[in-house]
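For reference, coords11.pdb (PDB, C-alpha atoms, pLDDT in the B column):
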```
ATOM      1  CA  MET A   1    -103.299  60.297 -94.457  1.00 44.00           C
ATOM      2  CA  SER A   2    -104.028  63.792 -95.718  1.00 55.00           C
ATOM      3  CA  HIS A   3    -101.269  66.245 -96.676  1.00 58.00           C
ATOM      4  CA  THR A   4    -102.752  68.587 -94.085  1.00 73.00           C
ATOM      5  CA  ASP A   5    -102.162  66.011 -91.338  1.00 85.00           C
ATOM      6  CA  PRO A   6    -100.133  67.741 -88.598  1.00 90.00           C
ATOM      7  CA  HIS A   7     -97.649  64.871 -88.388  1.00 91.00           C
ATOM      8  CA  LEU A   8     -97.006  64.998 -92.122  1.00 91.00           C
ATOM      9  CA  ILE A   9     -96.522  68.759 -91.993  1.00 91.00           C
ATOM     10  CA  ALA A  10     -94.139  68.431 -89.043  1.00 93.00           C
ATOM     11  CA  GLU A  11     -92.129  65.747 -90.846  1.00 94.00           C
ATOM     12  CA  ALA A  12     -91.930  67.888 -93.995  1.00 93.00           C
ATOM     13  CA  VAL A  13     -90.665  70.852 -91.955  1.00 94.00           C
ATOM     14  CA  ARG A  14     -88.095  68.679 -90.174  1.00 96.00           C
ATOM     15  CA  THR A  15     -86.868  67.272 -93.483  1.00 96.00           C
ATOM     16  CA  ALA A  16     -86.605  70.747 -95.009  1.00 96.00           C
ATOM     17  CA  CYS A  17     -84.684  72.042 -91.974  1.00 97.00           C
ATOM     18  CA  LEU A  18     -82.218  69.165 -92.040  1.00 97.00           C
ATOM     19  CA  HIS A  19     -81.670  69.542 -95.773  1.00 97.00           C
ATOM     20  CA  ALA A  20     -81.155  73.310 -95.510  1.00 97.00           C
ATOM     21  CA  ALA A  21     -78.747  72.929 -92.584  1.00 97.00           C
ATOM     22  CA  ARG A  22     -76.677  70.215 -94.267  1.00 97.00           C
ATOM     23  CA  GLU A  23     -76.438  72.142 -97.524  1.00 97.00           C
ATOM     24  CA  ALA A  24     -75.499  75.420 -95.841  1.00 97.00           C
ATOM     25  CA  HIS A  25     -72.936  73.748 -93.561  1.00 97.00           C
ATOM     26  CA  GLU A  26     -71.328  71.952 -96.499  1.00 97.00           C
ATOM     27  CA  GLN A  27     -71.180  75.097 -98.635  1.00 97.00           C
ATOM     28  CA  ALA A  28     -69.801  77.153 -95.748  1.00 97.00           C
ATOM     29  CA  SER A  29     -67.126  74.543 -95.069  1.00 96.00           C
ATOM     30  CA  ILE A  30     -66.175  74.434 -98.749  1.00 96.00           C
ATOM     31  CA  SER A  31     -65.936  78.229 -98.697  1.00 97.00           C
ATOM     32  CA  GLY A  32     -63.425  78.019 -95.863  1.00 96.00           C
ATOM     33  CA  LEU A  33     -65.499  79.006 -92.864  1.00 96.00           C
ATOM     34  CA  CYS A  34     -64.413  77.538 -89.548  1.00 96.00           C
ATOM     35  CA  GLY A  35     -66.620  75.022 -87.764  1.00 94.00           C
ATOM     36  CA  GLU A  36     -68.407  77.723 -85.807  1.00 96.00           C
ATOM     37  CA  GLY A  37     -69.003  79.785 -88.944  1.00 96.00           C
ATOM     38  CA  ALA A  38     -70.350  76.770 -90.801  1.00 97.00           C
ATOM     39  CA  TRP A  39     -72.679  76.050 -87.873  1.00 97.00           C
ATOM     40  CA  GLU A  40     -73.927  79.655 -87.941  1.00 97.00           C
ATOM     41  CA  ALA A  41     -74.544  79.343 -91.679  1.00 97.00           C
ATOM     42  CA  ALA A  42     -76.569  76.174 -91.069  1.00 97.00           C
ATOM     43  CA  LEU A  43     -78.686  77.901 -88.430  1.00 97.00           C
ATOM     44  CA  GLY A  44     -79.202  80.865 -90.739  1.00 97.00           C
ATOM     45  CA  ALA A  45     -80.416  78.553 -93.484  1.00 97.00           C
ATOM     46  CA  ILE A  46     -83.026  77.099 -91.152  1.00 97.00           C
ATOM     47  CA  GLN A  47     -84.130  80.567 -90.033  1.00 96.00           C
ATOM     48  CA  THR A  48     -84.652  81.702 -93.613  1.00 96.00           C
ATOM     49  CA  LEU A  49     -86.609  78.684 -94.838  1.00 96.00           C
ATOM     50  CA  ASP A  50     -89.684  79.755 -96.774  1.00 95.00           C
ATOM     51  CA  LEU A  51     -92.308  77.933 -94.715  1.00 93.00           C
ATOM     52  CA  ASP A  52     -95.166  79.410 -96.733  1.00 93.00           C
ATOM     53  CA  ALA A  53     -93.725  77.851 -99.888  1.00 93.00           C
ATOM     54  CA  LEU A  54     -93.191  74.545 -98.123  1.00 91.00           C
ATOM     55  CA  LEU A  55     -96.786  74.473 -96.921  1.00 89.00           C
ATOM     56  CA  SER A  56     -98.073  75.547-100.326  1.00 90.00           C
ATOM     57  CA  ASP A  57     -96.158  72.733-101.995  1.00 88.00           C
ATOM     58  CA  LEU A  58     -97.457  70.270 -99.451  1.00 85.00           C
ATOM     59  CA  THR A  59    -101.104  71.297 -99.777  1.00 81.00           C
ATOM     60  CA  ALA A  60    -100.892  71.613-103.571  1.00 84.00           C
ATOM     61  CA  SER A  61     -99.865  67.982-103.813  1.00 72.00           C
ATOM     62  CA  SER A  62    -102.700  66.782-101.576  1.00 60.00           C
ATOM     63  CA  PRO A  63    -105.418  64.781-103.282  1.00 58.00           C
ATOM     64  CA  PRO A  64    -108.830  66.416-103.628  1.00 53.00           C
ATOM     65  CA  PRO A  65    -111.337  65.541-100.880  1.00 51.00           C
ATOM     66  CA  ARG A  66    -113.777  62.742-101.648  1.00 49.00           C
TER
END
```

As structure tokens:
Amino acid sequence: MSHTDPHLIAEAVRTACLHAAREAHEQASISGLCGEGAWEAALGAIQTLDLDALLSDLTASSPPPR
């Protein structure tokens, strides 16, 4: 399966979103934000993901075509 496969790209984006949300929620909770504030921080982290960088990393690690 190529790194430009749509399913692989979608899975990479999902993984990045989940990671960003978990990290932001945890940090917001540690900082004392309420549940709603931590949730807003998690959503903000997803909204600010650098998708261009994610796609660049994904395509840079793809093997050369044969």

Could you give me the centre and size, in Å to one decimal, of an axis-aligned box around all listed atoms of range 24-29 of chain A with 6 Å added on every side, as AutoDock Vina command-line options?
```
--center_x -71.3 --center_y 74.6 --center_z -96.1 --size_x 20.4 --size_y 17.2 --size_z 17.1
```

Enter the distance from CA of Leu43 in chain A to CA of Cys17 in chain A, in Å, rounded to one decimal. 9.1 Å

Assuming the chain letters and numbering stay as they are in my file, what does the PyMOL selection byres ((chain A and resi 25) around 12) actually select? List them as a ChimeraX atom specification. /A:17-24,26-46

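Between CA of Gln47 in chain A and CA of Ala60 in chain A there is a distance of 23.3 Å.
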
Apply the PyMOL selection byres ((chain A and resi 13) around 12) to the displayed file and report the matching residues as a list of chain:residue names.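 Here the PyMOL selection byres ((chain A and resi 13) around 12) matches A:Pro6, A:His7, A:Leu8, A:Ile9, A:Ala10, A:Glu11, A:Ala12, A:Arg14, A:Thr15, A:Ala16, A:Cys17, A:Leu18, A:His19, A:Ala20, A:Ile46, A:Gln47, A:Leu49, A:Asp50, A:Leu51, A:Asp52, A:Ala53, A:Leu54, A:Leu55, A:Asp57, A:Leu58.
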
Can those selected residues be exported to a file as a short mmCIF file (atom, residue, chain, number, x, y, z; two decimals), in the frame of the given file so that it contains C-alpha atoms?
```cif
data_model
loop_
_atom_site.label_atom_id
_atom_site.label_comp_id
_atom_site.auth_asym_id
_atom_site.auth_seq_id
_atom_site.Cartn_x
_atom_site.Cartn_y
_atom_site.Cartn_z
CA PRO A 6 -100.13 67.74 -88.60
CA HIS A 7 -97.65 64.87 -88.39
CA LEU A 8 -97.01 65.00 -92.12
CA ILE A 9 -96.52 68.76 -91.99
CA ALA A 10 -94.14 68.43 -89.04
CA GLU A 11 -92.13 65.75 -90.85
CA ALA A 12 -91.93 67.89 -94.00
CA ARG A 14 -88.10 68.68 -90.17
CA THR A 15 -86.87 67.27 -93.48
CA ALA A 16 -86.60 70.75 -95.01
CA CYS A 17 -84.68 72.04 -91.97
CA LEU A 18 -82.22 69.17 -92.04
CA HIS A 19 -81.67 69.54 -95.77
CA ALA A 20 -81.16 73.31 -95.51
CA ILE A 46 -83.03 77.10 -91.15
CA GLN A 47 -84.13 80.57 -90.03
CA LEU A 49 -86.61 78.68 -94.84
CA ASP A 50 -89.68 79.76 -96.77
CA LEU A 51 -92.31 77.93 -94.72
CA ASP A 52 -95.17 79.41 -96.73
CA ALA A 53 -93.72 77.85 -99.89
CA LEU A 54 -93.19 74.54 -98.12
CA LEU A 55 -96.79 74.47 -96.92
CA ASP A 57 -96.16 72.73 -102.00
CA LEU A 58 -97.46 70.27 -99.45
#
```

Could you add the missing atoms to range 22-36 of chain A, up to N, CA, C and O atoms, and return them as an mmCIF file, in the frame of the given file?
```cif
data_model
loop_
_atom_site.group_PDB
_atom_site.id
_atom_site.type_symbol
_atom_site.label_atom_id
_atom_site.label_comp_id
_atom_site.auth_asym_id
_atom_site.auth_seq_id
_atom_site.Cartn_x
_atom_site.Cartn_y
_atom_site.Cartn_z
ATOM 1 N N ARG A 22 -77.784 70.989 -93.678
ATOM 2 C CA ARG A 22 -76.677 70.215 -94.267
ATOM 3 C C ARG A 22 -76.063 70.939 -95.461
ATOM 4 O O ARG A 22 -74.839 71.013 -95.591
ATOM 5 N N GLU A 23 -76.922 71.442 -96.334
ATOM 6 C CA GLU A 23 -76.438 72.142 -97.524
ATOM 7 C C GLU A 23 -75.638 73.385 -97.147
ATOM 8 O O GLU A 23 -74.558 73.621 -97.682
ATOM 9 N N ALA A 24 -76.178 74.184 -96.238
ATOM 10 C CA ALA A 24 -75.499 75.420 -95.841
ATOM 11 C C ALA A 24 -74.179 75.114 -95.142
ATOM 12 O O ALA A 24 -73.171 75.784 -95.389
ATOM 13 N N HIS A 25 -74.162 74.115 -94.282
ATOM 14 C CA HIS A 25 -72.936 73.748 -93.561
ATOM 15 C C HIS A 25 -71.877 73.281 -94.552
ATOM 16 O O HIS A 25 -70.708 73.685 -94.473
ATOM 17 N N GLU A 26 -72.278 72.444 -95.499
ATOM 18 C CA GLU A 26 -71.328 71.952 -96.499
ATOM 19 C C GLU A 26 -70.765 73.095 -97.336
ATOM 20 O O GLU A 26 -69.549 73.180 -97.546
ATOM 21 N N GLN A 27 -71.639 73.980 -97.808
ATOM 22 C CA GLN A 27 -71.180 75.097 -98.635
ATOM 23 C C GLN A 27 -70.282 76.044 -97.836
ATOM 24 O O GLN A 27 -69.284 76.542 -98.358
ATOM 25 N N ALA A 28 -70.621 76.280 -96.588
ATOM 26 C CA ALA A 28 -69.801 77.153 -95.748
ATOM 27 C C ALA A 28 -68.433 76.534 -95.503
ATOM 28 O O ALA A 28 -67.409 77.233 -95.531
ATOM 29 N N SER A 29 -68.402 75.233 -95.279
ATOM 30 C CA SER A 29 -67.126 74.543 -95.069
ATOM 31 C C SER A 29 -66.270 74.587 -96.324
ATOM 32 O O SER A 29 -65.064 74.833 -96.260
ATOM 33 N N ILE A 30 -66.892 74.370 -97.476
ATOM 34 C CA ILE A 30 -66.175 74.434 -98.749
ATOM 35 C C ILE A 30 -65.610 75.835 -98.968
ATOM 36 O O ILE A 30 -64.511 76.004 -99.487
ATOM 37 N N SER A 31 -66.364 76.844 -98.531
ATOM 38 C CA SER A 31 -65.936 78.229 -98.697
ATOM 39 C C SER A 31 -64.848 78.640 -97.712
ATOM 40 O O SER A 31 -64.347 79.750 -97.775
ATOM 41 N N GLY A 32 -64.525 77.743 -96.774
ATOM 42 C CA GLY A 32 -63.425 78.019 -95.863
ATOM 43 C C GLY A 32 -63.820 78.532 -94.494
ATOM 44 O O GLY A 32 -62.952 78.906 -93.708
ATOM 45 N N LEU A 33 -65.103 78.571 -94.193
ATOM 46 C CA LEU A 33 -65.499 79.006 -92.864
ATOM 47 C C LEU A 33 -65.058 77.968 -91.836
ATOM 48 O O LEU A 33 -65.002 76.773 -92.125
ATOM 49 N N CYS A 34 -64.775 78.442 -90.643
ATOM 50 C CA CYS A 34 -64.413 77.538 -89.548
ATOM 51 C C CYS A 34 -65.664 76.761 -89.130
ATOM 52 O O CYS A 34 -66.768 77.034 -89.601
ATOM 53 N N GLY A 35 -65.497 75.822 -88.233
ATOM 54 C CA GLY A 35 -66.620 75.022 -87.764
ATOM 55 C C GLY A 35 -67.751 75.856 -87.199
ATOM 56 O O GLY A 35 -68.926 75.612 -87.479
ATOM 57 N N GLU A 36 -67.383 76.861 -86.401
ATOM 58 C CA GLU A 36 -68.407 77.723 -85.807
ATOM 59 C C GLU A 36 -69.133 78.532 -86.881
ATOM 60 O O GLU A 36 -70.352 78.693 -86.847
#
```
